[in-house]
Structure formats: C-alpha cells, structure tokens
Amino acid sequence: MNRPIVISRTAVLVAGALQLILGALFWSGIALNLVPVHATIGTILVLALWTLAYFAARAGAPKGLVILTVVWGLVLPVFGTLQGGILHGPLHWIIQVVHLLLGLAALALSKILADAAIRARTVAV
C-alpha cells in the first residue's frame with residue numbers, strides 16, 4: 001500500500017509550491033504581512049516530510065535516506081527562524097538564497113525518498 005507515501009509526498013509538494021509563491025512575493029516586496037502564513041505552511045511541510053520519512057522507513061527505504069530526511073526537517077525551521085538575524089545589510093540576499101535552496105532540497109529529497117520507499121515496497125511484495 002503506497003497511499004500514505006503518495007499522500008504525504010503530495011502534501012510536501014503542495015506546501016512547497018505555496019512556499020515558493022509566497023517567497024517570490026516576499027522577494028518582490030509584496031505581501032510581507034503573510035510571513036506568519038509562510039511559517040505555518042513551513043511547519044506543515046516539515047510535518048509532511050517527517051510523515052513521509054515514517055512511512056518510507058516502514059516500507060523499507062534506506063535508513064540513511066530516512067535519517068537525512070528527518071534531520072533536514074529539523075534544519076529547515078531552525079534556519080528559517082534564524083535567517084532574519086544572519087548577515088544583515090546588502091548581503092542578506094545570500095541567506096535568502098540559502099533558505100530557498102534548503103527548501104528546494106527538501107522537495108527533491110521528498111521525491112527521492114518516496115521513490116525509494118515505493119521501490120522497496122514493490123521489491124518486498
């Protein structure tokens with residue numbers, strides 16, 4: 001049964017797409033009042049990522065990949081919360097790009113993990 005894996009991966013992707021849209025608005029200087037919404041959706045993304053990791057582990061996905069996903073889910077909110085206090089001034093865009101790359105990597109990791117879990121489950125059946 002791959003349904004929980006597909007559902008949690010879809011939740012990661014939907015949350016990730018919303019995050020990218022909000023992030024683009026923020027970089028444009030638009031809708032800065034929605035930063036708390038961005039943080040909430042980020043929390044949902046991390047919870048969905050951890051849910052995916054749980055079901056992937058149960059499906060027999062590689063343990064290292066599952067652990068990496070869980071750790072990545074810890075790094076995302078920590079960096080997201082602290083980014084405002086890092087490298088102030090005209091170079092703050094570097095921190096924003098790192099934040100974007102961490103989020104994109106989470107989306108890629110969700111695909112890699114979901115594919116590995118589905119493969120592992122298929123082989124086990």
# chains A, B, ... in the order shown; residues from 1 in each chain; ligands from 1
call {"tool": "residues_around", "arguments": {"residues": "stretch 8-18 of chain A", "least_positions_apart": "4", "cutoff": "12 Å", "atoms": "only C-alpha atoms", "output": "number ranges by chain"}}
result
A: 2-4, 22-25, 34, 37-56, 73, 100-115, 117-118
call {"tool": "atom_distance", "arguments": {"atom1": "atom CA of A:Leu82", "atom2": "atom CA of A:Val66"}}
result
24.9 Å
call {"tool": "select_by_dssp", "arguments": {"residues": "chain A", "states": "alpha helix (DSSP H)", "output": "ChimeraX atom specification"}}
result
/A:3-27,35-59,63-82,92-124
call {"tool": "write_last_selection", "arguments": {"atoms": "C-alpha atoms", "output": "short mmCIF file (atom, residue, chain, number, x, y, z; two decimals), in the first residue's frame"}}
result
data_model
loop_
_atom_site.label_atom_id
_atom_site.label_comp_id
_atom_site.auth_asym_id
_atom_site.auth_seq_id
_atom_site.Cartn_x
_atom_site.Cartn_y
_atom_site.Cartn_z
CA ARG A 3 -1.14 5.50 -0.46
CA PRO A 4 0.33 7.08 2.73
CA ILE A 5 3.63 7.63 0.92
CA VAL A 6 1.93 9.30 -2.04
CA ILE A 7 -0.33 11.41 0.18
CA SER A 8 2.50 12.66 2.39
CA ARG A 9 4.69 13.37 -0.66
CA THR A 10 1.83 15.29 -2.26
CA ALA A 11 1.40 17.32 0.93
CA VAL A 12 5.10 18.20 0.82
CA LEU A 13 4.79 19.28 -2.82
CA VAL A 14 1.66 21.38 -2.29
CA ALA A 15 3.15 23.08 0.77
CA GLY A 16 6.40 23.58 -1.14
CA ALA A 17 4.62 25.18 -4.09
CA LEU A 18 2.79 27.57 -1.76
CA GLN A 19 6.09 28.39 -0.06
CA LEU A 20 7.72 29.21 -3.39
CA ILE A 21 4.85 31.50 -4.35
CA LEU A 22 4.94 33.30 -1.01
CA GLY A 23 8.74 33.53 -1.13
CA ALA A 24 8.60 35.11 -4.58
CA LEU A 25 6.07 37.64 -3.28
CA PHE A 26 8.32 38.45 -0.32
CA TRP A 27 11.36 38.94 -2.55
CA VAL A 35 5.30 35.91 6.73
CA PRO A 36 3.42 34.14 9.59
CA VAL A 37 1.44 32.21 6.96
CA HIS A 38 4.76 31.24 5.35
CA ALA A 39 5.98 29.97 8.72
CA THR A 40 2.79 27.96 9.27
CA ILE A 41 2.96 26.36 5.83
CA GLY A 42 6.62 25.63 6.51
CA THR A 43 5.59 23.75 9.64
CA ILE A 44 3.07 21.75 7.61
CA LEU A 45 5.77 20.99 5.03
CA VAL A 46 8.14 19.70 7.73
CA LEU A 47 5.42 17.58 9.36
CA ALA A 48 4.53 16.09 5.96
CA LEU A 49 8.23 15.44 5.31
CA TRP A 50 8.52 13.61 8.63
CA THR A 51 5.34 11.67 7.90
CA LEU A 52 6.83 10.63 4.59
CA ALA A 53 10.01 9.56 6.38
CA TYR A 54 7.98 7.44 8.80
CA PHE A 55 6.08 5.62 6.08
CA ALA A 56 9.20 5.28 3.95
CA ALA A 57 11.02 3.66 6.88
CA ARG A 58 8.13 1.24 7.34
CA ALA A 59 8.24 0.44 3.62
CA LYS A 63 17.79 4.05 6.64
CA GLY A 64 20.36 6.70 5.77
CA LEU A 65 17.91 8.41 3.45
CA VAL A 66 15.20 8.33 6.11
CA ILE A 67 17.57 9.79 8.71
CA LEU A 68 18.71 12.50 6.29
CA THR A 69 15.08 13.44 5.69
CA VAL A 70 14.34 13.69 9.40
CA VAL A 71 17.45 15.80 10.01
CA TRP A 72 16.60 18.01 7.02
CA GLY A 73 13.20 18.54 8.59
CA LEU A 74 14.95 19.79 11.72
CA VAL A 75 17.29 22.12 9.82
CA LEU A 76 14.56 23.82 7.78
CA PRO A 77 12.62 25.51 10.61
CA VAL A 78 15.76 26.35 12.56
CA PHE A 79 17.32 28.11 9.59
CA GLY A 80 14.02 29.67 8.59
CA THR A 81 13.54 31.10 12.07
CA LEU A 82 17.12 32.35 12.45
CA HIS A 92 21.32 39.31 3.26
CA TRP A 93 20.19 38.04 -0.14
CA ILE A 94 22.79 35.28 0.26
CA ILE A 95 20.92 33.97 3.31
CA GLN A 96 17.65 34.19 1.39
CA VAL A 97 19.12 32.12 -1.45
CA VAL A 98 20.39 29.53 1.05
CA HIS A 99 16.88 29.42 2.56
CA LEU A 100 15.42 28.85 -0.91
CA LEU A 101 17.95 26.12 -1.69
CA LEU A 102 17.25 24.33 1.59
CA GLY A 103 13.54 24.32 0.73
CA LEU A 104 14.12 23.12 -2.83
CA ALA A 105 16.38 20.38 -1.50
CA ALA A 106 13.58 19.27 0.83
CA LEU A 107 11.25 18.95 -2.16
CA ALA A 108 13.84 16.94 -4.07
CA LEU A 109 14.51 14.79 -1.01
CA SER A 110 10.79 14.03 -0.71
CA LYS A 111 10.76 12.71 -4.27
CA ILE A 112 13.90 10.64 -3.80
CA LEU A 113 12.61 9.18 -0.54
CA ALA A 114 9.12 8.46 -1.88
CA ASP A 115 10.56 6.74 -4.96
CA ALA A 116 12.92 4.67 -2.80
CA ALA A 117 10.07 3.68 -0.47
CA ILE A 118 7.81 2.65 -3.35
CA ARG A 119 10.66 0.67 -4.92
CA ALA A 120 11.43 -1.03 -1.61
CA ARG A 121 7.79 -1.89 -1.08
CA THR A 122 7.47 -3.22 -4.65
CA VAL A 123 10.53 -5.43 -4.25
CA ALA A 124 9.27 -6.75 -0.90
#
